[in-house]
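One structure below.
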Amino acid sequence: METPVIDPAWLISAAWLSGGERSRCAALARERATELADCEPGTRILLAAVDPVAFAAGMAAAWSSPVPVRLFLCSSAWGVADVAHVRDTVAPQRVWVEDESRARWERTTVATACASAPDESEFMIATGGTSGGVRFARHTRASLCAAADGLRTWAGGGALSSVCVLPLHHVSGCMQLVRAWRTRGAVALVAWREVEAGNLPQDLPERVQLSLVPTQLARLLERPAAVAWLRRFETVFLGGAAAWPTLLDAAREARVPLAPCYGMTETAAMIAATRPDEFLASAATPGLEALPHATPTIDADGRIRVRSTSLFLGYWGDDAGTPVDAGEFVTSDLGRIDARGRLHVLGRADGWITTGGEKVDPSVVENTIRASRLATDVAVVAVPDAEWGAIVVACVCGCDEGRLGELQAFVRARLSPHQIPKRWVRLAALPRNAAGKIDRRELTRLVATGESAP
C-alpha cells in the first residue's frame, strides 16, 4: 500500500492542536524533528512523556520524519517490571521522556543485537491481554491512515475532530491524533481527571467527537452538567470493554449520541460501530455496522475474524511469525453476524468458565454485578475445584462487608444457578497489566492462594 502523505510542515506547526498549547507543541515537535534528521534508519525510540503535549509532539515528529524510524508508544505509569521488560526487548537507542524520569527508561548496557531497518517508519502501539507483559503491535502510516479513512467515510466525510481524554499511548488515544492529521481536523488534549472533576471544556471544535470507556461514561452520566456536555458531541464512541445493559439504557434515556464500537490495537482501533441515531432509536443495541475499511466474519469456532486495510504487521520481536494470515486476523472474541450483516460481540473465546459441565461467560456475571451499582469495579475468574472442576469467583471493589449480602441477593435473583459465583472476594483494587487491562492471570493466582483476602 502506498504510504499516505500528510504535509510535514503543517504537522510540525501543531495547527491541528486546539487550545493554548499550540506554540509549545510546535516548538517541541521542531526540536524532535531536528534530532531525527541525524538519526540512522531504523532507530528505535521510546516515547513515554508524561506531558500529553510533549507526547503528541514526539509522535508528530516521528510521523513527519523522512528517515524511517521505529517509535514505541509507552506509558509513563508502567511499573518497574514492565519498564525493564520494554527496555530489554526493545533495546532503545533514544528515549523521549521528561528529564526527571529518564533514568527509568534508559538502558545501562549497550544492545548487542539490532533489528534491520524498515523501509518505512513503524509505530509500535502497546497491547496486552490476560497473558501479561507488554507487546507492541507494529503499524505503519498506511495502516493507521486506512483506519482514519474508513471512519471518515463512515461518518459522512469531512474533518475528524475530537476531545481526547484517553491516554495517547493507547490505540484509542493516539488514533485521535492520526484522524485529525489525516483529515485536517483538530484535537483538544484534556486530562480525564479534569473532566471527572467537573472541569468540562466548553470551547469545542466543530463536529467534535469523544471517545470513552464504559467506566468513564458511567461516571459522567451521574452528573446533569456532564450529561448536557455529552449531548453537545456529534458522536460519543464507546469501546475498550463490554458495556453493561443498564449503562446503555441510561445513555439512551439521557439522549447521549452514543456509538458503541468494536476494535483493537491490531486493527488500529474501531472496525465496526453503531450509529448514534440508530442507537437512540432502538430499545436494544442493534448490532455493529462494519466500517468501510474492514470486513468481519465468523469462523466455524465462532471466533471473529477481521480482514482490513488497517491490520498491523505483527508483534515486535515475535519470532513465531506474524499472526496476520493473507490479510486476515483471527481475534480472541466470539461473535455472530445477524441477517442484516451486523456484528454482535458475544465475549472472549478464551475466557469462558466450565463449572459442573456448564459454560459461564464471565462478562455476563460482571455486567450483572455492575448493574447493581453496589461495586465500583468487578472481575470474574475461575479457580480449580475438586467437585465442580472450577468455580466462579467474583472479585469486587468498593463494596463493604455490610452490603455484600445485598449484592449477592441481587445477583441470585437475576442469574441462573450455574452462573452465580460460589465465592466472593473483596479487594481494594484489581491488578492490571501495562495496557491498563485486568491481569486475570495474576488475579486468579491471588484468589487461588488466598493473598487477595481483605
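To be explicit about the labels: the chains of the C-alpha cells are called A, B, and onward in the order shown, and within each one the residues are counted from 1, while ligands get numbers from 1 in the order they are shown.
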*Write out as a list in words which residues come within 7 Å of Pro41 (chain A) when counting only C-alpha atoms, dropping same-chain ones fewer than 2 positions away.*
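Selected residues are Cys39, Thr43, Val67, Pro68, Val69 and Ala117 of chain A.
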The selected residues should be written to file as a compact mmCIF listing (two decimals), in the first residue's frame (atoms: all heavy atoms).
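Once everything was written out, this is result_12.txt:
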# COMPACT_ATOMS: atom_id res chain seq x y z
N CYS A 39 19.52 10.92 12.64
CA CYS A 39 19.49 9.55 13.15
C CYS A 39 19.64 8.53 12.02
O CYS A 39 19.43 8.83 10.84
CB CYS A 39 18.20 9.29 13.93
SG CYS A 39 16.73 9.15 12.90
N THR A 43 16.16 3.62 13.65
CA THR A 43 16.40 3.99 15.04
C THR A 43 15.18 3.71 15.90
O THR A 43 14.06 4.06 15.55
CB THR A 43 16.76 5.49 15.15
OG1 THR A 43 18.00 5.72 14.47
CG2 THR A 43 16.90 5.93 16.60
N VAL A 67 13.42 10.05 7.50
CA VAL A 67 14.20 8.86 7.83
C VAL A 67 13.28 7.86 8.52
O VAL A 67 12.63 8.20 9.52
CB VAL A 67 15.37 9.23 8.77
CG1 VAL A 67 16.17 7.97 9.14
CG2 VAL A 67 16.26 10.28 8.13
N PRO A 68 13.19 6.62 8.03
CA PRO A 68 12.30 5.65 8.68
C PRO A 68 12.80 5.28 10.08
O PRO A 68 13.95 4.91 10.26
CB PRO A 68 12.35 4.44 7.74
CG PRO A 68 13.64 4.58 6.99
CD PRO A 68 13.88 6.06 6.85
N VAL A 69 11.92 5.43 11.06
CA VAL A 69 12.26 5.12 12.45
C VAL A 69 11.20 4.17 13.01
O VAL A 69 10.16 3.95 12.40
CB VAL A 69 12.34 6.39 13.31
CG1 VAL A 69 13.44 7.31 12.80
CG2 VAL A 69 11.00 7.11 13.33
N ALA A 117 16.74 -2.27 9.44
CA ALA A 117 15.99 -1.04 9.27
C ALA A 117 14.75 -1.29 8.42
O ALA A 117 14.81 -2.02 7.43
CB ALA A 117 16.86 0.02 8.63
Need to verify the contact set: Arg141 (chain A), 10 Å, only C-alpha atoms, exclusion of same-chain residues closer than 3 positions in sequence. Can you return it as a compact mmCIF listing (two decimals) with N, CA, C and O atoms, in the first residue's frame?
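As written to disk, out-v2.txt reads:
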# COMPACT_ATOMS: atom_id res chain seq x y z
N GLU A 2 0.54 2.21 -0.81
CA GLU A 2 1.30 3.45 -0.88
C GLU A 2 1.16 4.22 0.44
O GLU A 2 0.06 4.33 0.99
N THR A 3 2.28 4.73 0.93
CA THR A 3 2.26 5.46 2.19
C THR A 3 1.53 6.79 2.04
O THR A 3 1.91 7.60 1.19
N PRO A 4 0.48 7.05 2.80
CA PRO A 4 -0.24 8.31 2.70
C PRO A 4 0.64 9.49 3.11
O PRO A 4 1.49 9.37 3.99
N VAL A 5 0.44 10.61 2.45
CA VAL A 5 1.23 11.79 2.72
C VAL A 5 0.42 12.78 3.54
O VAL A 5 -0.72 13.09 3.21
N ILE A 6 0.99 13.26 4.61
CA ILE A 6 0.42 14.36 5.40
C ILE A 6 1.50 15.44 5.42
O ILE A 6 2.66 15.17 5.73
N TRP A 63 6.28 10.95 12.75
CA TRP A 63 5.44 10.77 11.57
C TRP A 63 6.00 11.55 10.38
O TRP A 63 5.98 11.07 9.25
N GLU A 120 9.90 1.81 5.84
CA GLU A 120 9.13 2.99 6.24
C GLU A 120 9.00 2.99 7.75
O GLU A 120 9.21 1.98 8.42
N SER A 121 8.65 4.14 8.30
CA SER A 121 8.53 4.26 9.75
C SER A 121 7.45 3.33 10.28
O SER A 121 6.42 3.11 9.63
N GLU A 122 7.69 2.79 11.47
CA GLU A 122 6.72 1.92 12.13
C GLU A 122 6.36 2.52 13.48
O GLU A 122 7.22 3.07 14.19
N PHE A 123 5.09 2.40 13.83
CA PHE A 123 4.57 2.93 15.08
C PHE A 123 4.13 1.74 15.92
O PHE A 123 3.19 1.03 15.56
N LEU A 144 -2.46 2.98 9.76
CA LEU A 144 -3.16 3.92 10.64
C LEU A 144 -4.05 4.87 9.83
O LEU A 144 -5.18 5.19 10.24
N CYS A 145 -3.57 5.30 8.68
CA CYS A 145 -4.38 6.19 7.84
C CYS A 145 -5.57 5.45 7.23
O CYS A 145 -6.63 6.04 7.01
N ALA A 146 -5.40 4.16 6.95
CA ALA A 146 -6.53 3.37 6.43
C ALA A 146 -7.67 3.35 7.43
O ALA A 146 -8.85 3.45 7.06
N VAL A 178 -4.09 10.73 14.74
CA VAL A 178 -3.98 10.33 13.33
C VAL A 178 -5.20 10.78 12.53
O VAL A 178 -5.08 11.27 11.40
N SER A 310 -6.36 -1.89 7.63
CA SER A 310 -5.72 -1.26 8.79
C SER A 310 -5.04 -2.28 9.70
O SER A 310 -4.64 -1.93 10.82
*From a DSSP calculation on the backbone, collect every residue of region 74-258 of chain A in strand (DSSP E) and output the set as a ChimeraX atom specification.*
/A:94-96,122-127,135-140,161-164,187-189,208-212,235-238,258
*What is the CA of Arg275 (chain A)-CA of Leu212 (chain A) distance in Å, reported with one decimal?*
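These two atoms are separated by 15.4 Å.
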*Using only C-alpha atoms, which residues sit within 7 Å of region 406-422 of chain A once same-chain residues fewer than 4 positions away are excluded, as an MDAnalysis selection string?*
chainID A and resid 358 360 365 368:369 372 374 391:394
*Would you return as a ChimeraX atom specification the members of region 281-367 of chain A that DSSP assigns to alpha helix (DSSP H) on this structure's backbone?*
/A:281,362-367
*Between CA of Pro167 (chain A) and CA of Ala148 (chain A) - distance in Å to one decimal*: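 Between CA of Ala148 (chain A) and CA of Pro167 (chain A) the gap is 18.1 Å.
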_Atom-to-atom span, CA of Ala429 (chain A) and CA of Trp105 (chain A), Å_ = 26.4 Å
*Hey, what's within 12 Å of Thr246 (chain A) if we count only C-alpha atoms and toss same-chain stuff fewer than 4 positions away? As JSON, numbers by chain, please?*
{"A": [214, 217, 218, 221, 242, 250, 251, 252, 253, 283, 284, 285, 367, 368, 369, 370, 371, 372, 373]}
_Please list as a count of residues only every residue within 9 Å of Ala254 (chain A), counting only C-alpha atoms and excluding residues in the same chain fewer than 6 positions away._
4
